[in-house]
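These notes concern the structure reproduced below.
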Amino acid sequence: MARKAIKEAVVAYAGILIGSAVLAVALDAFTVPNRIAAGGVSGLATILYHQFGWPVGMVMLAVNIPLFAAGIKSLGTSFGMRTVVGTVASSVFTDLFAPFLPALTQDPVLASVYGGVLTGVGVGLTFRFGGSTGGTDIAALLIHHFTRLGVGRSFILIDGLVILWAAVAFNAELAMYAFLSLVIASWTIDLLQEGRPFAKGALIISDKADAIAKEVLQTLERGATIFRGQGAYTGKERDALVVIVGRHQIHQLAQIVRSLDPRAFMVIADVSDVMGEGFERGSAK
C-alpha cells in the first residue's frame with residue numbers, strides 16, 4: 001500500500017508540474033507579450049508587467065501568498081500541498097522560461113486562441129491531479145465565504161474586473177481578445193475535466209415506457225431504467241425512462257420512441273463519461 005501511495009503521489013506531482021509548465025508557456029509565448037490579460041492573477045500580472053515592468057511570475061506569487069494565507073485562515077487547510085506546488089511552480093516557471101521563450105506570434109487573435117488553449121490545458125492538468133495554480137480559485141472561494149455570492153459568480157466578478165482594468169490600461173479591443181482567451185481557456189479546462197461527449201443520455205416520459213424499454217433492449221442492445229413519477233400539473237402518475245446510448249444510436253432511439261408513443265416527452269443530452277455494462281470508460285461500444 002505504501003509503495004502504491006508513493007507512486008500515486010509522484011504521478012500527481014509530476015502532472016501538476018507539467019501543467020504548471022504548460023501554463024507558463026501560454027503566458028510567455030502568447031498572452032503576456034501580446035497584452036492579453038485574460039482574467040485572474042495572471043491577467044493582473046500581465047497588466048502590471050506592461051505598466052511597470054514587474055516580472056509576471058513574481059507578481060503572481062506575491063499576490064498568491066496573501067491569498068493563500070487568507071484562504072487557510074478562513075477556509076481551513078483543505079488546499080493542501082498540491083495547491084502550494086502548483087501555485088509556486090507556475091510562478092517560477094513563468095519567470096524561468098521568459099528569457100528563453102520569445103513571443104510565437106504578434107497576431108492578437110492567434111495569441112488569444114493558442115494562449116487560451118494552453119492555459120486551459122495547464123490549469124486543467126493541475127486540477128486533474130488534485131492541485132491548483134491558486135489565484136482566482138482561492139479568491140473566488142474567499143468572496144463566496146464572506147459574501148455568500150456563488151462561486152461561479154465570484155469567478156466572473158474577479159475575471160471581469162481584471163478584463164475591465166485591461167480595457168483601461170490597454171484598450172477595449174485587447175480587453176475583448178482577453179475575454180475570448182478566457183472563454184477558450186474555460187472550455188479547455190472543462191474538456192480536460194469532463195472529457196469529450198461520446199454518448200447520449202435520454203430521459204423519456206411516456207405511458208408506454210415498458211414497451212419502449214423492451215424495444216431498446218432488443219433493437220439497440222442497451223439497458224434502461226424506469227422510474228415512477230407524477231406530473232406536477234396534472235397529478236397523473238407516469239413512467240420516466242432513462243437510457244444511455246452511443247452517439248450513432250440516438251436517431252434509432254428517437255424513431256423507436258416516436259413509433260411506440262408519438263406523444264412521449266423526450267430530452268436528449270450529451271454524456272461525457274459512463275461506467276458500467278455495455279460501455280468502456282471514455283468510449284461507447
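Going by the C-alpha cells order, chains are called A, B, ..., each with residues numbered from 1, while ligands are numbered from 1 in the order shown.
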
From a DSSP pass on the backbone, collect the residues of segment 164-255 of chain A flagged as helix (DSSP H, G or I) and hand them back as a ChimeraX atom specification.
/A:164-169,172-194,209-220,247-255

Give me the residues within 12 Å of Met60 of chain A as a compact mmCIF listing (two decimals) with all heavy atoms, in the first residue's frame, counting only C-alpha atoms and dropping any in the same chain fewer than 2 places off.
# COMPACT_ATOMS: atom_id res chain seq x y z
N ALA A 24 2.90 28.28 -17.97
CA ALA A 24 3.99 29.25 -18.14
C ALA A 24 4.27 29.52 -19.61
O ALA A 24 4.50 30.66 -20.02
CB ALA A 24 5.24 28.74 -17.43
N LEU A 27 1.63 31.80 -21.07
CA LEU A 27 1.83 33.20 -20.68
C LEU A 27 3.01 33.83 -21.42
O LEU A 27 2.89 34.92 -22.00
CB LEU A 27 2.06 33.28 -19.17
CG LEU A 27 0.87 32.89 -18.27
CD1 LEU A 27 1.31 32.84 -16.81
CD2 LEU A 27 -0.28 33.86 -18.46
N GLY A 40 -8.05 36.80 -13.84
CA GLY A 40 -7.29 36.12 -12.81
C GLY A 40 -5.99 36.81 -12.44
O GLY A 40 -5.69 37.92 -12.87
N VAL A 41 -5.19 36.11 -11.65
CA VAL A 41 -3.91 36.65 -11.18
C VAL A 41 -2.93 36.82 -12.34
O VAL A 41 -2.18 37.79 -12.38
CB VAL A 41 -3.33 35.73 -10.10
CG1 VAL A 41 -1.91 36.14 -9.73
CG2 VAL A 41 -4.20 35.75 -8.85
N SER A 42 -2.94 35.88 -13.29
CA SER A 42 -2.03 36.01 -14.43
C SER A 42 -2.38 37.23 -15.28
O SER A 42 -1.48 37.91 -15.81
CB SER A 42 -2.07 34.74 -15.29
OG SER A 42 -3.36 34.54 -15.83
N GLY A 43 -3.68 37.54 -15.41
CA GLY A 43 -4.09 38.74 -16.15
C GLY A 43 -3.66 40.00 -15.43
O GLY A 43 -3.18 40.95 -16.05
N LEU A 44 -3.82 39.98 -14.10
CA LEU A 44 -3.36 41.12 -13.29
C LEU A 44 -1.86 41.30 -13.44
O LEU A 44 -1.37 42.43 -13.62
CB LEU A 44 -3.72 40.85 -11.83
CG LEU A 44 -3.22 41.86 -10.79
CD1 LEU A 44 -3.84 43.23 -11.01
CD2 LEU A 44 -3.53 41.36 -9.38
N ALA A 45 -1.10 40.20 -13.40
CA ALA A 45 0.35 40.27 -13.54
C ALA A 45 0.74 40.77 -14.93
O ALA A 45 1.75 41.49 -15.07
CB ALA A 45 0.96 38.89 -13.29
N THR A 46 -0.03 40.40 -15.95
CA THR A 46 0.25 40.87 -17.31
C THR A 46 0.12 42.38 -17.40
O THR A 46 0.95 43.07 -18.01
CB THR A 46 -0.73 40.20 -18.31
OG1 THR A 46 -0.54 38.78 -18.27
CG2 THR A 46 -0.50 40.71 -19.73
N ILE A 47 -0.93 42.93 -16.80
CA ILE A 47 -1.13 44.38 -16.81
C ILE A 47 0.01 45.09 -16.09
O ILE A 47 0.58 46.07 -16.59
CB ILE A 47 -2.48 44.74 -16.15
CG1 ILE A 47 -3.64 44.17 -16.96
CG2 ILE A 47 -2.62 46.26 -16.02
CD1 ILE A 47 -4.99 44.28 -16.28
N LEU A 48 0.38 44.60 -14.91
CA LEU A 48 1.44 45.23 -14.13
C LEU A 48 2.80 45.12 -14.81
O LEU A 48 3.65 46.01 -14.70
CB LEU A 48 1.50 44.60 -12.73
CG LEU A 48 0.26 44.86 -11.85
CD1 LEU A 48 0.37 44.12 -10.53
CD2 LEU A 48 0.08 46.36 -11.61
N TYR A 49 3.00 44.02 -15.56
CA TYR A 49 4.25 43.86 -16.31
C TYR A 49 4.39 44.96 -17.36
O TYR A 49 5.46 45.57 -17.52
CB TYR A 49 4.27 42.49 -16.97
CG TYR A 49 5.39 42.31 -17.98
CD1 TYR A 49 6.70 42.08 -17.56
CD2 TYR A 49 5.13 42.38 -19.34
CE1 TYR A 49 7.73 41.94 -18.49
CE2 TYR A 49 6.15 42.23 -20.27
CZ TYR A 49 7.45 42.02 -19.84
OH TYR A 49 8.46 41.87 -20.77
N TRP A 54 7.22 44.83 -13.95
CA TRP A 54 7.40 43.84 -12.90
C TRP A 54 7.30 42.43 -13.48
O TRP A 54 6.45 42.15 -14.32
CB TRP A 54 6.32 44.01 -11.82
CG TRP A 54 6.41 45.32 -11.10
CD1 TRP A 54 7.44 46.22 -11.13
CD2 TRP A 54 5.41 45.88 -10.25
NE1 TRP A 54 7.17 47.31 -10.35
CE2 TRP A 54 5.92 47.14 -9.79
CE3 TRP A 54 4.16 45.47 -9.82
CZ2 TRP A 54 5.20 47.96 -8.93
CZ3 TRP A 54 3.43 46.29 -8.95
CH2 TRP A 54 3.95 47.52 -8.51
N PRO A 55 8.19 41.51 -13.04
CA PRO A 55 8.16 40.13 -13.56
C PRO A 55 6.82 39.46 -13.30
O PRO A 55 6.28 39.53 -12.18
CB PRO A 55 9.28 39.44 -12.78
CG PRO A 55 10.17 40.55 -12.30
CD PRO A 55 9.27 41.72 -12.06
N VAL A 56 6.29 38.81 -14.32
CA VAL A 56 4.95 38.22 -14.23
C VAL A 56 4.87 37.15 -13.15
O VAL A 56 3.95 37.14 -12.32
CB VAL A 56 4.54 37.63 -15.60
CG1 VAL A 56 3.21 36.88 -15.49
CG2 VAL A 56 4.44 38.73 -16.65
N GLY A 57 5.84 36.24 -13.15
CA GLY A 57 5.81 35.15 -12.18
C GLY A 57 5.89 35.63 -10.75
O GLY A 57 5.16 35.13 -9.87
N MET A 58 6.76 36.59 -10.50
CA MET A 58 6.91 37.09 -9.14
C MET A 58 5.66 37.84 -8.67
O MET A 58 5.29 37.78 -7.49
CB MET A 58 8.14 38.00 -9.03
CG MET A 58 9.46 37.25 -9.14
SD MET A 58 9.66 35.95 -7.86
CE MET A 58 9.18 34.46 -8.77
N ALA A 62 3.51 36.88 -5.51
CA ALA A 62 3.28 37.89 -4.48
C ALA A 62 1.80 38.05 -4.17
O ALA A 62 1.41 38.29 -3.02
CB ALA A 62 3.88 39.23 -4.92
N VAL A 63 0.96 37.93 -5.18
CA VAL A 63 -0.49 38.02 -4.97
C VAL A 63 -1.03 36.74 -4.34
O VAL A 63 -1.91 36.78 -3.48
CB VAL A 63 -1.22 38.31 -6.30
CG1 VAL A 63 -2.73 38.26 -6.12
CG2 VAL A 63 -0.80 39.67 -6.84
N ASN A 64 -0.46 35.61 -4.76
CA ASN A 64 -0.97 34.32 -4.29
C ASN A 64 -0.65 34.05 -2.82
O ASN A 64 -1.42 33.39 -2.12
CB ASN A 64 -0.41 33.18 -5.15
CG ASN A 64 -1.25 32.94 -6.38
OD1 ASN A 64 -2.47 32.93 -6.32
ND2 ASN A 64 -0.59 32.72 -7.52
N ILE A 65 0.50 34.53 -2.35
CA ILE A 65 0.90 34.25 -0.96
C ILE A 65 -0.13 34.78 0.04
O ILE A 65 -0.62 34.03 0.90
CB ILE A 65 2.31 34.80 -0.67
CG1 ILE A 65 3.36 33.94 -1.38
CG2 ILE A 65 2.58 34.82 0.84
CD1 ILE A 65 4.77 34.49 -1.28
N PRO A 66 -0.51 36.07 -0.02
CA PRO A 66 -1.53 36.54 0.94
C PRO A 66 -2.89 35.89 0.71
O PRO A 66 -3.64 35.65 1.67
CB PRO A 66 -1.59 38.05 0.70
CG PRO A 66 -0.99 38.26 -0.64
CD PRO A 66 0.02 37.19 -0.82
N LEU A 67 -3.23 35.59 -0.55
CA LEU A 67 -4.49 34.91 -0.83
C LEU A 67 -4.50 33.53 -0.18
O LEU A 67 -5.50 33.10 0.42
CB LEU A 67 -4.71 34.77 -2.34
CG LEU A 67 -5.28 35.97 -3.08
CD1 LEU A 67 -5.35 35.69 -4.57
CD2 LEU A 67 -6.66 36.33 -2.55
N PHE A 68 -3.38 32.84 -0.31
CA PHE A 68 -3.27 31.50 0.26
C PHE A 68 -3.35 31.56 1.79
O PHE A 68 -4.03 30.75 2.43
CB PHE A 68 -1.96 30.86 -0.18
CG PHE A 68 -1.89 29.38 0.09
CD1 PHE A 68 -2.47 28.48 -0.78
CD2 PHE A 68 -1.27 28.90 1.23
CE1 PHE A 68 -2.42 27.12 -0.54
CE2 PHE A 68 -1.21 27.53 1.49
CZ PHE A 68 -1.80 26.64 0.59
N GLY A 86 1.56 23.69 -7.17
CA GLY A 86 1.07 24.27 -8.42
C GLY A 86 1.21 25.77 -8.46
O GLY A 86 1.60 26.35 -9.48
N THR A 87 0.91 26.43 -7.33
CA THR A 87 1.00 27.88 -7.26
C THR A 87 2.44 28.37 -7.42
O THR A 87 2.73 29.28 -8.21
CB THR A 87 0.44 28.38 -5.91
OG1 THR A 87 -0.93 27.98 -5.80
CG2 THR A 87 0.53 29.89 -5.80
N VAL A 88 3.37 27.76 -6.68
CA VAL A 88 4.77 28.17 -6.74
C VAL A 88 5.40 27.80 -8.08
O VAL A 88 6.09 28.61 -8.70
CB VAL A 88 5.57 27.53 -5.58
CG1 VAL A 88 7.06 27.84 -5.73
CG2 VAL A 88 5.06 28.03 -4.24
N ALA A 89 5.12 26.59 -8.56
CA ALA A 89 5.73 26.12 -9.81
C ALA A 89 5.32 26.97 -10.99
O ALA A 89 6.15 27.34 -11.84
CB ALA A 89 5.36 24.66 -10.05
N SER A 90 4.02 27.32 -11.09
CA SER A 90 3.57 28.12 -12.23
C SER A 90 4.23 29.50 -12.22
O SER A 90 4.59 30.04 -13.28
CB SER A 90 2.04 28.26 -12.21
OG SER A 90 1.59 28.85 -11.00
N SER A 91 4.43 30.07 -11.04
CA SER A 91 5.08 31.38 -10.94
C SER A 91 6.56 31.29 -11.30
O SER A 91 7.08 32.11 -12.07
CB SER A 91 4.93 31.93 -9.51
OG SER A 91 3.58 32.07 -9.17
N VAL A 92 7.25 30.29 -10.75
CA VAL A 92 8.68 30.13 -11.01
C VAL A 92 8.93 29.81 -12.48
O VAL A 92 9.81 30.40 -13.13
CB VAL A 92 9.27 29.02 -10.12
CG1 VAL A 92 10.71 28.71 -10.53
CG2 VAL A 92 9.23 29.45 -8.66
N PHE A 93 8.16 28.89 -13.05
CA PHE A 93 8.34 28.52 -14.46
C PHE A 93 8.12 29.72 -15.38
O PHE A 93 8.81 29.87 -16.39
CB PHE A 93 7.37 27.40 -14.85
CG PHE A 93 7.75 26.04 -14.31
CD1 PHE A 93 6.79 25.06 -14.10
CD2 PHE A 93 9.08 25.73 -14.02
CE1 PHE A 93 7.14 23.81 -13.62
CE2 PHE A 93 9.44 24.48 -13.54
CZ PHE A 93 8.46 23.51 -13.34
N THR A 94 7.15 30.56 -15.05
CA THR A 94 6.85 31.72 -15.90
C THR A 94 8.06 32.64 -16.04
O THR A 94 8.42 33.06 -17.15
CB THR A 94 5.64 32.50 -15.35
OG1 THR A 94 4.49 31.65 -15.34
CG2 THR A 94 5.34 33.72 -16.21
N ASP A 95 8.69 32.95 -14.93
CA ASP A 95 9.88 33.83 -14.99
C ASP A 95 11.11 33.07 -15.48
O ASP A 95 11.99 33.67 -16.12
CB ASP A 95 10.15 34.42 -13.60
CG ASP A 95 9.18 35.54 -13.26
OD1 ASP A 95 8.44 35.97 -14.15
OD2 ASP A 95 9.17 35.96 -12.08
N THR A 133 -3.48 26.26 -9.43
CA THR A 133 -2.47 27.31 -9.61
C THR A 133 -2.79 28.52 -8.75
O THR A 133 -2.19 29.57 -8.91
CB THR A 133 -2.39 27.73 -11.09
OG1 THR A 133 -3.69 28.12 -11.55
CG2 THR A 133 -1.87 26.59 -11.95
N GLY A 134 -3.73 28.35 -7.81
CA GLY A 134 -4.04 29.41 -6.85
C GLY A 134 -4.80 30.56 -7.49
O GLY A 134 -5.57 30.38 -8.42
N GLY A 135 -4.57 31.74 -6.96
CA GLY A 135 -5.14 32.95 -7.54
C GLY A 135 -6.65 32.99 -7.50
O GLY A 135 -7.27 33.03 -6.43
N THR A 136 -7.25 32.98 -8.69
CA THR A 136 -8.69 33.14 -8.82
C THR A 136 -9.46 32.09 -8.04
O THR A 136 -10.51 32.39 -7.45
CB THR A 136 -9.09 33.07 -10.31
OG1 THR A 136 -8.32 34.02 -11.05
CG2 THR A 136 -10.56 33.40 -10.49

Residues near Val257 of chain A, anyone? I mean within 12 Å using only C-alpha atoms, not counting same-chain ones fewer than 2 positions away, as a PyMOL selection string.
chain A and resi 202-216+241+243+250-255+259-267

What does the structure give for the distance between atom CA of Ala175 of chain A and atom CA of Thr147 of chain A, in Å to one decimal?
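Distance reported for this atom pair: 27.3 Å.
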
How many Å separate atom CA of Ile268 of chain A from atom CA of Phe227 of chain A?
16.8 Å

When DSSP is applied to the backbone of this structure, which of segment 86-249 of chain A are assigned strand (DSSP E)? Write them out as a count of residues only.
24

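Computed from the coordinates, the atom CA of Asp270 of chain A to atom CA of Gly231 of chain A distance equals 24.9 Å.
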
Can you pull out every residue within 8 Å of segment 98-110 of chain A, counting only C-alpha atoms, but drop anything in the same chain fewer than 5 positions away, and send it as a ChimeraX atom specification?
/A:25,28-30,33-34,36,115,174,177

Taking into account only C-alpha atoms, which residue in the set A:Thr31, A:Thr119, A:Asn171, A:Ser20 is nearest to Trp187 of chain A?
A:Thr119

Considering only C-alpha atoms, can you say which of A:Ala172, A:Val121, A:Ile256, A:Leu161 comes closest to Leu192 of chain A?
A:Val121

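Once Ser132 of chain A and its same-chain neighbours fewer than 6 positions away are set aside, A:Ile16, A:Arg82, A:Thr83, A:Val84, A:Gly86, A:Thr87, A:Val123, A:Thr126 remain within 8 Å of it when counting only C-alpha atoms.
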
Residue contacts of Gly122 of chain A (6 Å, only C-alpha atoms) excluding same-chain residues fewer than 2 positions away, as a list in words
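Those residues are Gly19, Ser20, Val22, Leu23, Thr119, Gly120, Gly124 and Leu125 of chain A.
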
Please produce a file of the residues just selected, as an mmCIF file, in the first residue's frame, where the atoms kept are N, CA, C and O atoms.
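As written to disk, result_4.cif reads:
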data_model
loop_
_atom_site.group_PDB
_atom_site.id
_atom_site.type_symbol
_atom_site.label_atom_id
_atom_site.label_comp_id
_atom_site.auth_asym_id
_atom_site.auth_seq_id
_atom_site.Cartn_x
_atom_site.Cartn_y
_atom_site.Cartn_z
ATOM 1 N N GLY A 19 1.566 20.593 -15.829
ATOM 2 C CA GLY A 19 0.503 21.576 -16.039
ATOM 3 C C GLY A 19 0.986 22.987 -15.775
ATOM 4 O O GLY A 19 0.673 23.921 -16.534
ATOM 5 N N SER A 20 1.772 23.172 -14.721
ATOM 6 C CA SER A 20 2.313 24.492 -14.400
ATOM 7 C C SER A 20 3.258 24.982 -15.492
ATOM 8 O O SER A 20 3.267 26.171 -15.838
ATOM 9 N N VAL A 22 3.126 24.114 -18.703
ATOM 10 C CA VAL A 22 2.308 24.450 -19.883
ATOM 11 C C VAL A 22 1.677 25.833 -19.707
ATOM 12 O O VAL A 22 1.634 26.637 -20.645
ATOM 13 N N LEU A 23 1.193 26.116 -18.501
ATOM 14 C CA LEU A 23 0.634 27.442 -18.221
ATOM 15 C C LEU A 23 1.684 28.528 -18.419
ATOM 16 O O LEU A 23 1.399 29.589 -19.001
ATOM 17 N N THR A 119 -3.440 27.672 -21.748
ATOM 18 C CA THR A 119 -3.798 27.995 -20.366
ATOM 19 C C THR A 119 -4.782 26.970 -19.823
ATOM 20 O O THR A 119 -4.641 26.471 -18.696
ATOM 21 N N GLY A 120 -5.779 26.630 -20.638
ATOM 22 C CA GLY A 120 -6.751 25.625 -20.226
ATOM 23 C C GLY A 120 -6.126 24.269 -19.993
ATOM 24 O O GLY A 120 -6.467 23.573 -19.030
ATOM 25 N N GLY A 124 -6.054 22.852 -16.401
ATOM 26 C CA GLY A 124 -6.828 21.616 -16.366
ATOM 27 C C GLY A 124 -6.022 20.435 -15.866
ATOM 28 O O GLY A 124 -6.539 19.587 -15.126
ATOM 29 N N LEU A 125 -4.754 20.365 -16.257
ATOM 30 C CA LEU A 125 -3.886 19.280 -15.773
ATOM 31 C C LEU A 125 -3.669 19.375 -14.266
ATOM 32 O O LEU A 125 -3.713 18.360 -13.557
#

Considering only C-alpha atoms, state which residue in the set A:Ala37, A:Val32, A:Ala269, A:Ala111 is at the smallest distance from Val162 of chain A.
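Under the stated criterion, the closest residue is A:Ala37.
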